[in-house]
Amino acid sequence: MPSHAHATSAVELDHVTLQLGHRAVLRDVSLSVRPGEFIGVLGPNGAGKTTLMRAILGLLPPTHGELRVFGRTPQEGDPKIGYLPQLRTVLPDLRVRGVDFIGSSLNGHRLGLPSLTRAERKAIEATLDDVGARELGARPLNEMSGGERQRLLLAQALLGNPRLLLLDEPLIMLDARHQEIAIDVVRKVCRERGITVLFSAHELNQLISALDRVLYLGHGQAVLGTVDEVVTAPVLSRLYGTDIEVVRASGHIFVLSRGRDVERDAHVHEDGHGHHH
Amino acid sequence: MGTITDMFAYDFMRHAFVAAGIVAIVSGLTGYFLVMRGQTFAGHALSHIGFAGATGAGLIGLAPLWGLVGFTLAAGIVMGAMSDRISNRDVAIGVVLALALGFGLLFLHYYAGFATQATALLFGNVLAVSEPTIWTLAGLSVVTLVGLGIIMRPLIFASLQPELAEAKGVRLRPISTIFLALVALAVSACAQIVGVLLVFTLMVGPAAAAQRLTTGLWAGLALSAGLALVEAWAGLTMAFYSDWPVSFCISLLSAAAYFAALGAPTPRQTAVVHEH
């Protein structure tokens, strides 16, 4: 049963408005994520999934309302938060070893020459072990598959024992089998350590067995709740701003707009941007 | 033709070796980060802009080197400050650097020394390096290396993972600006040896070859600096005995090393299994 220590929300939004330039991405949103919850973050492209994560990281202060992470105003570089950004930077043909790649994030904000202490090397090895990717430490980045890179990034996000993990579209470059593996690894590690997870994705069905609750974003609004509460025709129609049909079949949920699967379309679209394969 | 001692019997050859050695090491180290960040073209642009600065300085009676430093430094800072919008846009850089070369030509037009001066600036004149110039180059190099040493950790983080680095509190823009300012100093020094048109030979060639051949950061840096040094010194030696221009010899060796590295079987692939 919830003790007093757990009374504080992991992430709490109190009438929050987030603005990018003149556009309000989220308007007057209130919600509360409990510690240890696995939250699937969904919604159409441009609904504000990344923006919300950036706000939680303290990179984008709300224009209205209050946002708290474990009871405090978020601060840039908070070690309690592990972050896996959506890979927008296409790396050049880099022959950097996995260890050096991850190592660059350790104290990466501090001036001076990079050097890893023995304890830091141990921590990197341990985190690679946690996600079953020890061999990636010695491999150069440009020889890794999309799945291996994501696993490396996940290991990095877990470095330093964060209490909150923000995973921004970690599945986009992966095939179905690797998607499942990635979700399983996140769920297992985070359950064991009681880490709160915000996991954004394009498709609900991939996450449905792993998540505790789902956070749907769209049209400046956000709805947090169980799948049964949120993934309904009225709620999603409001968020997508168009008539949405929700069809349940053999444990899968299909979100359709005029007969087309909106999530799958979005997913295919995103993949078509020529990420590496 | 004679022995190695013949070569070092000349003051100008000794000066050339010292100057080229200093500059090669700084170029190799700075270039490694340029290649890592995918900003090699920015380095190229800086040197062209420097040409306008050098000829302009000559016009108002200053040493060309200071015109070069001033212009590249200013351009580096501007490019860094506008980093997201400009420095990765090849077209914008291309237009600006063509304009800079054009201005360089205009300044030369009104300058008395023209032809020799132009050749020296464009293709380098390491055999004419004086002792005071060596001290200036050493000073530029020390500033560049100390600067790189100070920002190295966040620079690498920001280069490899900009989104995460930003989230962890790294200020991307200042880092990028300081880096390009340091590149500007290295370019100015490098242009003294191989000329503004050939800074790639020492700044990018060795670094790109080193990237191909290593996976560790320090090994890459060491190899990049080492290759640049060997290419510079071997180029000087080759020029001394063949009477070809020094910059040609260095550019030849740089290209040879780069293409050899491209063709070399990538190491480590086989060694991976044995790690740990």
# chains A, B, ... in the order shown; residues from 1 in each chain; ligands from 1
>>> residues_around(residues="Val199 in chain B", least_positions_apart="2", cutoff="9 Å", atoms="only C-alpha atoms", output="list in words")
Ser27, Gly43, His44, Ser47, Val187, Cys190, Ala191, Ile193, Val194, Gly195, Val196, Leu197, Thr201, Leu202, Met203 and Val204 of chain B
>>> interface_residues(of="chain A", to="chain B", cutoff="6 Å", atoms="only C-alpha atoms", output="list in words")
Glu76, Gly77, Arg95, Val96, Arg97, Ser104, Ser105, Gly108, His109, Leu111, Gly112, Leu113 and Pro114 of chain A
>>> write_last_selection(atoms="C-alpha atoms", output="PDB file, in the first residue's frame")
ATOM      1  CA  GLU A  76      18.512  20.457 -16.534  1.00  0.00           C
ATOM      2  CA  GLY A  77      20.920  17.580 -16.138  1.00  0.00           C
ATOM      3  CA  ARG A  95      34.063   4.138 -35.614  1.00  0.00           C
ATOM      4  CA  VAL A  96      33.605   4.937 -31.939  1.00  0.00           C
ATOM      5  CA  ARG A  97      33.468   1.991 -29.559  1.00  0.00           C
ATOM      6  CA  SER A 104      30.956  10.374 -23.313  1.00  0.00           C
ATOM      7  CA  SER A 105      27.731  10.900 -21.384  1.00  0.00           C
ATOM      8  CA  GLY A 108      29.881  14.958 -20.225  1.00  0.00           C
ATOM      9  CA  HIS A 109      28.884  18.454 -19.121  1.00  0.00           C
ATOM     10  CA  LEU A 111      35.032  20.766 -18.756  1.00  0.00           C
ATOM     11  CA  GLY A 112      38.379  19.087 -19.152  1.00  0.00           C
ATOM     12  CA  LEU A 113      39.807  15.962 -20.708  1.00  0.00           C
ATOM     13  CA  PRO A 114      37.600  12.890 -20.896  1.00  0.00           C
TER      14      PRO A 114
END
>>> select_by_dssp(residues="range 57-277 of chain A", states="strand (DSSP E)", output="PDB file with N, CA and C atoms, in the first residue's frame")
ATOM      1  N   HIS A  64       2.489  28.210 -18.541  1.00  0.00           N
ATOM      2  CA  HIS A  64       1.525  28.329 -17.452  1.00  0.00           C
ATOM      3  C   HIS A  64       1.558  27.046 -16.648  1.00  0.00           C
ATOM      4  N   GLY A  65       1.116  27.120 -15.411  1.00  0.00           N
ATOM      5  CA  GLY A  65       0.989  25.939 -14.588  1.00  0.00           C
ATOM      6  C   GLY A  65       2.306  25.489 -14.002  1.00  0.00           C
ATOM      7  N   GLU A  66       2.229  24.339 -13.346  1.00  0.00           N
ATOM      8  CA  GLU A  66       3.410  23.859 -12.657  1.00  0.00           C
ATOM      9  C   GLU A  66       3.694  22.418 -13.016  1.00  0.00           C
ATOM     10  N   LEU A  67       4.967  22.124 -13.255  1.00  0.00           N
ATOM     11  CA  LEU A  67       5.371  20.766 -13.580  1.00  0.00           C
ATOM     12  C   LEU A  67       6.362  20.326 -12.513  1.00  0.00           C
ATOM     13  N   ARG A  68       6.117  19.178 -11.919  1.00  0.00           N
ATOM     14  CA  ARG A  68       7.026  18.712 -10.880  1.00  0.00           C
ATOM     15  C   ARG A  68       7.485  17.288 -11.172  1.00  0.00           C
ATOM     16  N   VAL A  69       8.772  17.039 -10.932  1.00  0.00           N
ATOM     17  CA  VAL A  69       9.336  15.711 -11.079  1.00  0.00           C
ATOM     18  C   VAL A  69       9.812  15.280  -9.698  1.00  0.00           C
ATOM     19  N   ILE A  81      16.974  11.376 -13.819  1.00  0.00           N
ATOM     20  CA  ILE A  81      16.254  11.079 -15.056  1.00  0.00           C
ATOM     21  C   ILE A  81      17.187  10.477 -16.103  1.00  0.00           C
ATOM     22  N   GLY A  82      16.821   9.309 -16.606  1.00  0.00           N
ATOM     23  CA  GLY A  82      17.536   8.710 -17.729  1.00  0.00           C
ATOM     24  C   GLY A  82      16.766   9.031 -18.997  1.00  0.00           C
ATOM     25  N   TYR A  83      17.469   9.343 -20.058  1.00  0.00           N
ATOM     26  CA  TYR A  83      16.792   9.832 -21.256  1.00  0.00           C
ATOM     27  C   TYR A  83      17.343   9.140 -22.482  1.00  0.00           C
ATOM     28  N   LEU A  84      16.444   8.666 -23.314  1.00  0.00           N
ATOM     29  CA  LEU A  84      16.834   8.118 -24.612  1.00  0.00           C
ATOM     30  C   LEU A  84      16.141   8.969 -25.669  1.00  0.00           C
ATOM     31  N   LEU A 164      13.602   7.796 -13.012  1.00  0.00           N
ATOM     32  CA  LEU A 164      12.622   8.026 -14.072  1.00  0.00           C
ATOM     33  C   LEU A 164      13.323   7.847 -15.409  1.00  0.00           C
ATOM     34  N   LEU A 165      12.677   7.109 -16.300  1.00  0.00           N
ATOM     35  CA  LEU A 165      13.264   6.852 -17.607  1.00  0.00           C
ATOM     36  C   LEU A 165      12.349   7.449 -18.672  1.00  0.00           C
ATOM     37  N   LEU A 166      12.913   8.309 -19.520  1.00  0.00           N
ATOM     38  CA  LEU A 166      12.144   8.883 -20.615  1.00  0.00           C
ATOM     39  C   LEU A 166      12.650   8.287 -21.920  1.00  0.00           C
ATOM     40  N   LEU A 167      11.845   7.462 -22.541  1.00  0.00           N
ATOM     41  CA  LEU A 167      12.273   6.790 -23.763  1.00  0.00           C
ATOM     42  C   LEU A 167      11.445   7.336 -24.923  1.00  0.00           C
ATOM     43  N   THR A 196      10.239   4.530 -12.812  1.00  0.00           N
ATOM     44  CA  THR A 196       9.083   5.020 -13.545  1.00  0.00           C
ATOM     45  C   THR A 196       9.477   5.183 -15.010  1.00  0.00           C
ATOM     46  N   VAL A 197       8.617   4.750 -15.925  1.00  0.00           N
ATOM     47  CA  VAL A 197       8.963   4.814 -17.340  1.00  0.00           C
ATOM     48  C   VAL A 197       7.906   5.586 -18.128  1.00  0.00           C
ATOM     49  N   LEU A 198       8.354   6.533 -18.921  1.00  0.00           N
ATOM     50  CA  LEU A 198       7.500   7.114 -19.956  1.00  0.00           C
ATOM     51  C   LEU A 198       8.082   6.644 -21.288  1.00  0.00           C
ATOM     52  N   PHE A 199       7.294   5.860 -21.997  1.00  0.00           N
ATOM     53  CA  PHE A 199       7.774   5.163 -23.182  1.00  0.00           C
ATOM     54  C   PHE A 199       6.904   5.608 -24.353  1.00  0.00           C
ATOM     55  N   SER A 200       7.437   6.435 -25.243  1.00  0.00           N
ATOM     56  CA  SER A 200       6.581   6.895 -26.338  1.00  0.00           C
ATOM     57  C   SER A 200       6.713   5.964 -27.530  1.00  0.00           C
ATOM     58  N   ARG A 213      -0.390   2.147 -17.519  1.00  0.00           N
ATOM     59  CA  ARG A 213      -1.400   3.088 -17.993  1.00  0.00           C
ATOM     60  C   ARG A 213      -0.892   3.726 -19.279  1.00  0.00           C
ATOM     61  N   VAL A 214      -1.817   4.353 -19.958  1.00  0.00           N
ATOM     62  CA  VAL A 214      -1.447   4.966 -21.223  1.00  0.00           C
ATOM     63  C   VAL A 214      -1.734   6.466 -21.170  1.00  0.00           C
ATOM     64  N   LEU A 215      -0.800   7.242 -21.761  1.00  0.00           N
ATOM     65  CA  LEU A 215      -0.966   8.683 -21.840  1.00  0.00           C
ATOM     66  C   LEU A 215      -1.127   9.040 -23.307  1.00  0.00           C
ATOM     67  N   TYR A 216      -2.323   9.478 -23.655  1.00  0.00           N
ATOM     68  CA  TYR A 216      -2.597   9.814 -25.058  1.00  0.00           C
ATOM     69  C   TYR A 216      -2.567  11.324 -25.238  1.00  0.00           C
ATOM     70  N   LEU A 217      -1.783  11.781 -26.209  1.00  0.00           N
ATOM     71  CA  LEU A 217      -1.696  13.213 -26.471  1.00  0.00           C
ATOM     72  C   LEU A 217      -2.307  13.529 -27.834  1.00  0.00           C
ATOM     73  N   GLY A 218      -2.875  14.697 -27.951  1.00  0.00           N
ATOM     74  CA  GLY A 218      -3.400  15.127 -29.239  1.00  0.00           C
ATOM     75  C   GLY A 218      -4.191  16.400 -29.098  1.00  0.00           C
ATOM     76  N   GLN A 221      -4.285  18.404 -25.982  1.00  0.00           N
ATOM     77  CA  GLN A 221      -4.807  17.797 -24.765  1.00  0.00           C
ATOM     78  C   GLN A 221      -4.059  16.523 -24.426  1.00  0.00           C
ATOM     79  N   ALA A 222      -4.262  16.056 -23.220  1.00  0.00           N
ATOM     80  CA  ALA A 222      -3.628  14.821 -22.794  1.00  0.00           C
ATOM     81  C   ALA A 222      -4.581  14.073 -21.882  1.00  0.00           C
ATOM     82  N   VAL A 223      -4.665  12.749 -22.089  1.00  0.00           N
ATOM     83  CA  VAL A 223      -5.512  11.936 -21.229  1.00  0.00           C
ATOM     84  C   VAL A 223      -4.697  10.762 -20.714  1.00  0.00           C
ATOM     85  N   LEU A 224      -4.667  10.634 -19.397  1.00  0.00           N
ATOM     86  CA  LEU A 224      -3.914   9.547 -18.771  1.00  0.00           C
ATOM     87  C   LEU A 224      -4.901   8.598 -18.096  1.00  0.00           C
ATOM     88  N   GLY A 225      -4.742   7.319 -18.365  1.00  0.00           N
ATOM     89  CA  GLY A 225      -5.627   6.356 -17.722  1.00  0.00           C
ATOM     90  C   GLY A 225      -5.322   4.953 -18.199  1.00  0.00           C
ATOM     91  N   GLU A 245     -12.557   5.328 -34.712  1.00  0.00           N
ATOM     92  CA  GLU A 245     -13.241   4.095 -34.355  1.00  0.00           C
ATOM     93  C   GLU A 245     -12.224   3.220 -33.639  1.00  0.00           C
ATOM     94  N   VAL A 246     -12.617   2.580 -32.581  1.00  0.00           N
ATOM     95  CA  VAL A 246     -11.694   1.684 -31.884  1.00  0.00           C
ATOM     96  C   VAL A 246     -12.216   0.259 -32.006  1.00  0.00           C
ATOM     97  N   VAL A 247     -11.417  -0.594 -32.587  1.00  0.00           N
ATOM     98  CA  VAL A 247     -11.840  -1.973 -32.818  1.00  0.00           C
ATOM     99  C   VAL A 247     -10.949  -2.908 -32.011  1.00  0.00           C
ATOM    100  N   ARG A 248     -11.572  -3.751 -31.205  1.00  0.00           N
ATOM    101  CA  ARG A 248     -10.788  -4.716 -30.431  1.00  0.00           C
ATOM    102  C   ARG A 248     -10.951  -6.085 -31.059  1.00  0.00           C
ATOM    103  N   ALA A 249      -9.812  -6.726 -31.316  1.00  0.00           N
ATOM    104  CA  ALA A 249      -9.885  -8.065 -31.900  1.00  0.00           C
ATOM    105  C   ALA A 249      -8.729  -8.901 -31.388  1.00  0.00           C
ATOM    106  N   HIS A 252      -5.843  -7.402 -29.583  1.00  0.00           N
ATOM    107  CA  HIS A 252      -5.267  -6.225 -30.224  1.00  0.00           C
ATOM    108  C   HIS A 252      -6.306  -5.124 -30.275  1.00  0.00           C
ATOM    109  N   ILE A 253      -5.802  -3.904 -30.308  1.00  0.00           N
ATOM    110  CA  ILE A 253      -6.706  -2.774 -30.418  1.00  0.00           C
ATOM    111  C   ILE A 253      -6.321  -1.983 -31.653  1.00  0.00           C
ATOM    112  N   PHE A 254      -7.286  -1.741 -32.504  1.00  0.00           N
ATOM    113  CA  PHE A 254      -7.001  -0.973 -33.710  1.00  0.00           C
ATOM    114  C   PHE A 254      -7.701   0.375 -33.641  1.00  0.00           C
ATOM    115  N   VAL A 255      -6.908   1.407 -33.885  1.00  0.00           N
ATOM    116  CA  VAL A 255      -7.467   2.752 -33.853  1.00  0.00           C
ATOM    117  C   VAL A 255      -7.637   3.188 -35.296  1.00  0.00           C
ATOM    118  N   LEU A 256      -8.874   3.338 -35.722  1.00  0.00           N
ATOM    119  CA  LEU A 256      -9.142   3.574 -37.136  1.00  0.00           C
ATOM    120  C   LEU A 256      -9.789   4.932 -37.368  1.00  0.00           C
ATOM    121  N   SER A 257      -9.366   5.551 -38.464  1.00  0.00           N
ATOM    122  CA  SER A 257     -10.024   6.768 -38.905  1.00  0.00           C
ATOM    123  C   SER A 257     -10.493   6.516 -40.320  1.00  0.00           C
ATOM    124  N   ARG A 260      -9.063   3.439 -41.841  1.00  0.00           N
ATOM    125  CA  ARG A 260      -7.611   3.261 -41.932  1.00  0.00           C
ATOM    126  C   ARG A 260      -7.002   3.245 -40.540  1.00  0.00           C
ATOM    127  N   ASP A 261      -5.955   2.434 -40.404  1.00  0.00           N
ATOM    128  CA  ASP A 261      -5.291   2.313 -39.121  1.00  0.00           C
ATOM    129  C   ASP A 261      -4.360   3.519 -38.943  1.00  0.00           C
TER     130      ASP A 261
END
>>> residues_around(residues="Val262 in chain A", least_positions_apart="4", cutoff="12 Å", atoms="only C-alpha atoms", output="ChimeraX atom specification")
/A:42-45,202-204,236-237,240,242-246,253-258,266-269
>>> write_last_selection(atoms="N, CA and C atoms", output="tab-separated table (two decimals), in the first residue's frame")
chain	number	residue	atom	x	y	z
A	42	LEU	N	1.38	7.93	-26.22
A	42	LEU	CA	0.93	7.76	-27.60
A	42	LEU	C	0.27	9.01	-28.12
A	43	GLY	N	0.03	9.01	-29.41
A	43	GLY	CA	-0.62	10.15	-30.02
A	43	GLY	C	-0.04	10.39	-31.40
A	44	PRO	N	-0.77	11.18	-32.19
A	44	PRO	CA	-0.30	11.41	-33.55
A	44	PRO	C	1.01	12.19	-33.57
A	45	ASN	N	1.67	12.19	-34.74
A	45	ASN	CA	2.89	12.97	-34.89
A	45	ASN	C	2.63	14.43	-34.55
A	202	HIS	N	4.53	4.64	-31.47
A	202	HIS	CA	3.51	4.92	-32.47
A	202	HIS	C	2.34	3.97	-32.38
A	203	GLU	N	2.64	2.77	-31.92
A	203	GLU	CA	1.61	1.74	-31.91
A	203	GLU	C	1.33	1.25	-30.51
A	204	LEU	N	0.08	1.27	-30.17
A	204	LEU	CA	-0.34	0.84	-28.84
A	204	LEU	C	-0.11	-0.65	-28.62
A	236	LEU	N	-10.54	9.31	-28.09
A	236	LEU	CA	-9.56	9.45	-29.17
A	236	LEU	C	-10.07	10.38	-30.27
A	237	SER	N	-11.36	10.39	-30.49
A	237	SER	CA	-11.90	11.31	-31.50
A	237	SER	C	-11.59	12.74	-31.11
A	240	TYR	N	-7.67	13.22	-31.59
A	240	TYR	CA	-7.23	13.26	-32.98
A	240	TYR	C	-7.93	14.37	-33.76
A	242	THR	N	-10.77	14.10	-35.15
A	242	THR	CA	-11.49	13.52	-36.27
A	242	THR	C	-12.21	12.28	-35.74
A	243	ASP	N	-13.17	11.77	-36.49
A	243	ASP	CA	-13.91	10.60	-36.02
A	243	ASP	C	-13.01	9.37	-35.97
A	244	ILE	N	-12.91	8.81	-34.79
A	244	ILE	CA	-12.04	7.65	-34.59
A	244	ILE	C	-12.90	6.47	-34.17
A	245	GLU	N	-12.56	5.33	-34.71
A	245	GLU	CA	-13.24	4.10	-34.35
A	245	GLU	C	-12.22	3.22	-33.64
A	246	VAL	N	-12.62	2.58	-32.58
A	246	VAL	CA	-11.69	1.68	-31.88
A	246	VAL	C	-12.22	0.26	-32.01
A	253	ILE	N	-5.80	-3.90	-30.31
A	253	ILE	CA	-6.71	-2.77	-30.42
A	253	ILE	C	-6.32	-1.98	-31.65
A	254	PHE	N	-7.29	-1.74	-32.50
A	254	PHE	CA	-7.00	-0.97	-33.71
A	254	PHE	C	-7.70	0.37	-33.64
A	255	VAL	N	-6.91	1.41	-33.88
A	255	VAL	CA	-7.47	2.75	-33.85
A	255	VAL	C	-7.64	3.19	-35.30
A	256	LEU	N	-8.87	3.34	-35.72
A	256	LEU	CA	-9.14	3.57	-37.14
A	256	LEU	C	-9.79	4.93	-37.37
A	257	SER	N	-9.37	5.55	-38.46
A	257	SER	CA	-10.02	6.77	-38.90
A	257	SER	C	-10.49	6.52	-40.32
A	258	ARG	N	-11.76	6.57	-40.53
A	258	ARG	CA	-12.36	6.24	-41.84
A	258	ARG	C	-11.80	4.93	-42.38
A	266	ALA	N	0.98	6.24	-39.40
A	266	ALA	CA	1.97	7.16	-38.85
A	266	ALA	C	3.32	6.46	-38.77
A	267	HIS	N	3.28	5.21	-38.37
A	267	HIS	CA	4.50	4.45	-38.19
A	267	HIS	C	5.24	4.27	-39.51
A	268	VAL	N	4.50	3.86	-40.51
A	268	VAL	CA	5.10	3.64	-41.82
A	268	VAL	C	5.70	4.94	-42.33
A	269	HIS	N	4.94	6.01	-42.13
A	269	HIS	CA	5.39	7.33	-42.56
A	269	HIS	C	6.75	7.66	-41.94
>>> select_by_dssp(residues="range 24-149 of chain A", states="alpha helix (DSSP H)", output="JSON, numbers by chain")
{"A": [49, 50, 51, 52, 53, 54, 55, 56, 98, 99, 100, 101, 102, 103, 118, 119, 120, 121, 122, 123, 124, 125, 126, 127, 128, 129, 130, 146, 147, 148, 149]}
>>> write_last_selection(atoms="N, CA and C atoms", output="PDB file, in the first residue's frame")
ATOM      1  N   LYS A  49       4.736  14.593 -27.806  1.00  0.00           N
ATOM      2  CA  LYS A  49       5.387  13.565 -26.994  1.00  0.00           C
ATOM      3  C   LYS A  49       6.811  13.995 -26.618  1.00  0.00           C
ATOM      4  N   THR A  50       7.560  14.399 -27.634  1.00  0.00           N
ATOM      5  CA  THR A  50       8.927  14.847 -27.378  1.00  0.00           C
ATOM      6  C   THR A  50       8.933  16.131 -26.550  1.00  0.00           C
ATOM      7  N   THR A  51       8.013  17.028 -26.861  1.00  0.00           N
ATOM      8  CA  THR A  51       7.942  18.297 -26.129  1.00  0.00           C
ATOM      9  C   THR A  51       7.695  18.056 -24.641  1.00  0.00           C
ATOM     10  N   LEU A  52       6.787  17.129 -24.349  1.00  0.00           N
ATOM     11  CA  LEU A  52       6.514  16.818 -22.949  1.00  0.00           C
ATOM     12  C   LEU A  52       7.763  16.301 -22.257  1.00  0.00           C
ATOM     13  N   MET A  53       8.484  15.400 -22.940  1.00  0.00           N
ATOM     14  CA  MET A  53       9.707  14.865 -22.336  1.00  0.00           C
ATOM     15  C   MET A  53      10.744  15.967 -22.110  1.00  0.00           C
ATOM     16  N   ARG A  54      10.843  16.859 -23.071  1.00  0.00           N
ATOM     17  CA  ARG A  54      11.806  17.966 -22.907  1.00  0.00           C
ATOM     18  C   ARG A  54      11.417  18.860 -21.731  1.00  0.00           C
ATOM     19  N   ALA A  55      10.117  19.005 -21.518  1.00  0.00           N
ATOM     20  CA  ALA A  55       9.674  19.802 -20.371  1.00  0.00           C
ATOM     21  C   ALA A  55      10.031  19.095 -19.062  1.00  0.00           C
ATOM     22  N   ILE A  56       9.833  17.777 -19.043  1.00  0.00           N
ATOM     23  CA  ILE A  56      10.160  17.012 -17.840  1.00  0.00           C
ATOM     24  C   ILE A  56      11.662  17.079 -17.553  1.00  0.00           C
ATOM     25  N   GLY A  98      31.471   1.258 -28.459  1.00  0.00           N
ATOM     26  CA  GLY A  98      30.306   1.389 -27.586  1.00  0.00           C
ATOM     27  C   GLY A  98      30.659   1.994 -26.237  1.00  0.00           C
ATOM     28  N   VAL A  99      31.758   1.524 -25.646  1.00  0.00           N
ATOM     29  CA  VAL A  99      32.148   2.030 -24.320  1.00  0.00           C
ATOM     30  C   VAL A  99      32.426   3.530 -24.371  1.00  0.00           C
ATOM     31  N   ASP A 100      33.147   3.953 -25.389  1.00  0.00           N
ATOM     32  CA  ASP A 100      33.492   5.375 -25.481  1.00  0.00           C
ATOM     33  C   ASP A 100      32.253   6.216 -25.744  1.00  0.00           C
ATOM     34  N   PHE A 101      31.340   5.630 -26.534  1.00  0.00           N
ATOM     35  CA  PHE A 101      30.096   6.345 -26.842  1.00  0.00           C
ATOM     36  C   PHE A 101      29.299   6.588 -25.560  1.00  0.00           C
ATOM     37  N   ILE A 102      29.073   5.526 -24.816  1.00  0.00           N
ATOM     38  CA  ILE A 102      28.348   5.669 -23.555  1.00  0.00           C
ATOM     39  C   ILE A 102      29.141   6.527 -22.578  1.00  0.00           C
ATOM     40  N   GLY A 103      30.453   6.292 -22.558  1.00  0.00           N
ATOM     41  CA  GLY A 103      31.312   7.004 -21.617  1.00  0.00           C
ATOM     42  C   GLY A 103      31.253   8.504 -21.815  1.00  0.00           C
ATOM     43  N   ARG A 118      37.919   3.834 -12.778  1.00  0.00           N
ATOM     44  CA  ARG A 118      37.667   2.399 -12.750  1.00  0.00           C
ATOM     45  C   ARG A 118      36.204   2.125 -12.392  1.00  0.00           C
ATOM     46  N   ALA A 119      35.694   2.899 -11.431  1.00  0.00           N
ATOM     47  CA  ALA A 119      34.304   2.709 -11.007  1.00  0.00           C
ATOM     48  C   ALA A 119      33.346   3.010 -12.161  1.00  0.00           C
ATOM     49  N   GLU A 120      33.675   4.028 -12.937  1.00  0.00           N
ATOM     50  CA  GLU A 120      32.806   4.371 -14.065  1.00  0.00           C
ATOM     51  C   GLU A 120      32.827   3.282 -15.130  1.00  0.00           C
ATOM     52  N   ARG A 121      34.016   2.724 -15.372  1.00  0.00           N
ATOM     53  CA  ARG A 121      34.091   1.617 -16.335  1.00  0.00           C
ATOM     54  C   ARG A 121      33.257   0.431 -15.866  1.00  0.00           C
ATOM     55  N   LYS A 122      33.360   0.164 -14.556  1.00  0.00           N
ATOM     56  CA  LYS A 122      32.571  -0.931 -13.977  1.00  0.00           C
ATOM     57  C   LYS A 122      31.086  -0.668 -14.170  1.00  0.00           C
ATOM     58  N   ALA A 123      30.684   0.575 -13.919  1.00  0.00           N
ATOM     59  CA  ALA A 123      29.268   0.933 -14.045  1.00  0.00           C
ATOM     60  C   ALA A 123      28.792   0.749 -15.488  1.00  0.00           C
ATOM     61  N   ILE A 124      29.651   1.099 -16.439  1.00  0.00           N
ATOM     62  CA  ILE A 124      29.276   0.932 -17.844  1.00  0.00           C
ATOM     63  C   ILE A 124      29.119  -0.552 -18.178  1.00  0.00           C
ATOM     64  N   GLU A 125      30.064  -1.358 -17.705  1.00  0.00           N
ATOM     65  CA  GLU A 125      29.959  -2.796 -17.955  1.00  0.00           C
ATOM     66  C   GLU A 125      28.686  -3.359 -17.341  1.00  0.00           C
ATOM     67  N   ALA A 126      28.398  -2.909 -16.118  1.00  0.00           N
ATOM     68  CA  ALA A 126      27.213  -3.419 -15.425  1.00  0.00           C
ATOM     69  C   ALA A 126      25.938  -3.051 -16.185  1.00  0.00           C
ATOM     70  N   THR A 127      25.882  -1.827 -16.647  1.00  0.00           N
ATOM     71  CA  THR A 127      24.651  -1.401 -17.326  1.00  0.00           C
ATOM     72  C   THR A 127      24.500  -2.116 -18.678  1.00  0.00           C
ATOM     73  N   LEU A 128      25.642  -2.385 -19.329  1.00  0.00           N
ATOM     74  CA  LEU A 128      25.577  -3.164 -20.572  1.00  0.00           C
ATOM     75  C   LEU A 128      25.078  -4.570 -20.280  1.00  0.00           C
ATOM     76  N   ASP A 129      25.557  -5.142 -19.172  1.00  0.00           N
ATOM     77  CA  ASP A 129      25.094  -6.469 -18.766  1.00  0.00           C
ATOM     78  C   ASP A 129      23.590  -6.479 -18.524  1.00  0.00           C
ATOM     79  N   ASP A 130      23.105  -5.412 -17.890  1.00  0.00           N
ATOM     80  CA  ASP A 130      21.684  -5.342 -17.548  1.00  0.00           C
ATOM     81  C   ASP A 130      20.783  -5.482 -18.764  1.00  0.00           C
ATOM     82  N   GLY A 146      20.509  -1.357 -36.076  1.00  0.00           N
ATOM     83  CA  GLY A 146      19.617  -0.427 -35.392  1.00  0.00           C
ATOM     84  C   GLY A 146      19.243  -0.923 -34.004  1.00  0.00           C
ATOM     85  N   GLY A 147      18.970  -2.216 -33.902  1.00  0.00           N
ATOM     86  CA  GLY A 147      18.580  -2.803 -32.632  1.00  0.00           C
ATOM     87  C   GLY A 147      19.704  -2.729 -31.606  1.00  0.00           C
ATOM     88  N   GLU A 148      20.913  -2.979 -32.081  1.00  0.00           N
ATOM     89  CA  GLU A 148      22.054  -2.936 -31.164  1.00  0.00           C
ATOM     90  C   GLU A 148      22.305  -1.518 -30.667  1.00  0.00           C
ATOM     91  N   ARG A 149      22.163  -0.551 -31.570  1.00  0.00           N
ATOM     92  CA  ARG A 149      22.347   0.845 -31.150  1.00  0.00           C
ATOM     93  C   ARG A 149      21.323   1.247 -30.101  1.00  0.00           C
TER      94      ARG A 149
END
>>> atom_distance(atom1="CA of Ile77 in chain B", atom2="CA of Ile49 in chain B")
12.6 Å
>>> atom_distance(atom1="CA of Leu182 in chain B", atom2="CA of Thr144 in chain B")
5.3 Å
>>> residues_around(residues="Gly71 in chain A", least_positions_apart="3", cutoff="12 Å", atoms="only C-alpha atoms", output="PyMOL selection string")
chain A and resi 5-14+32-35+56+66-68+74-75
>>> residues_around(residues="Ala207 in chain B", least_positions_apart="4", cutoff="6 Å", atoms="only C-alpha atoms", output="PyMOL selection string")
chain B and resi 28+31-32+224
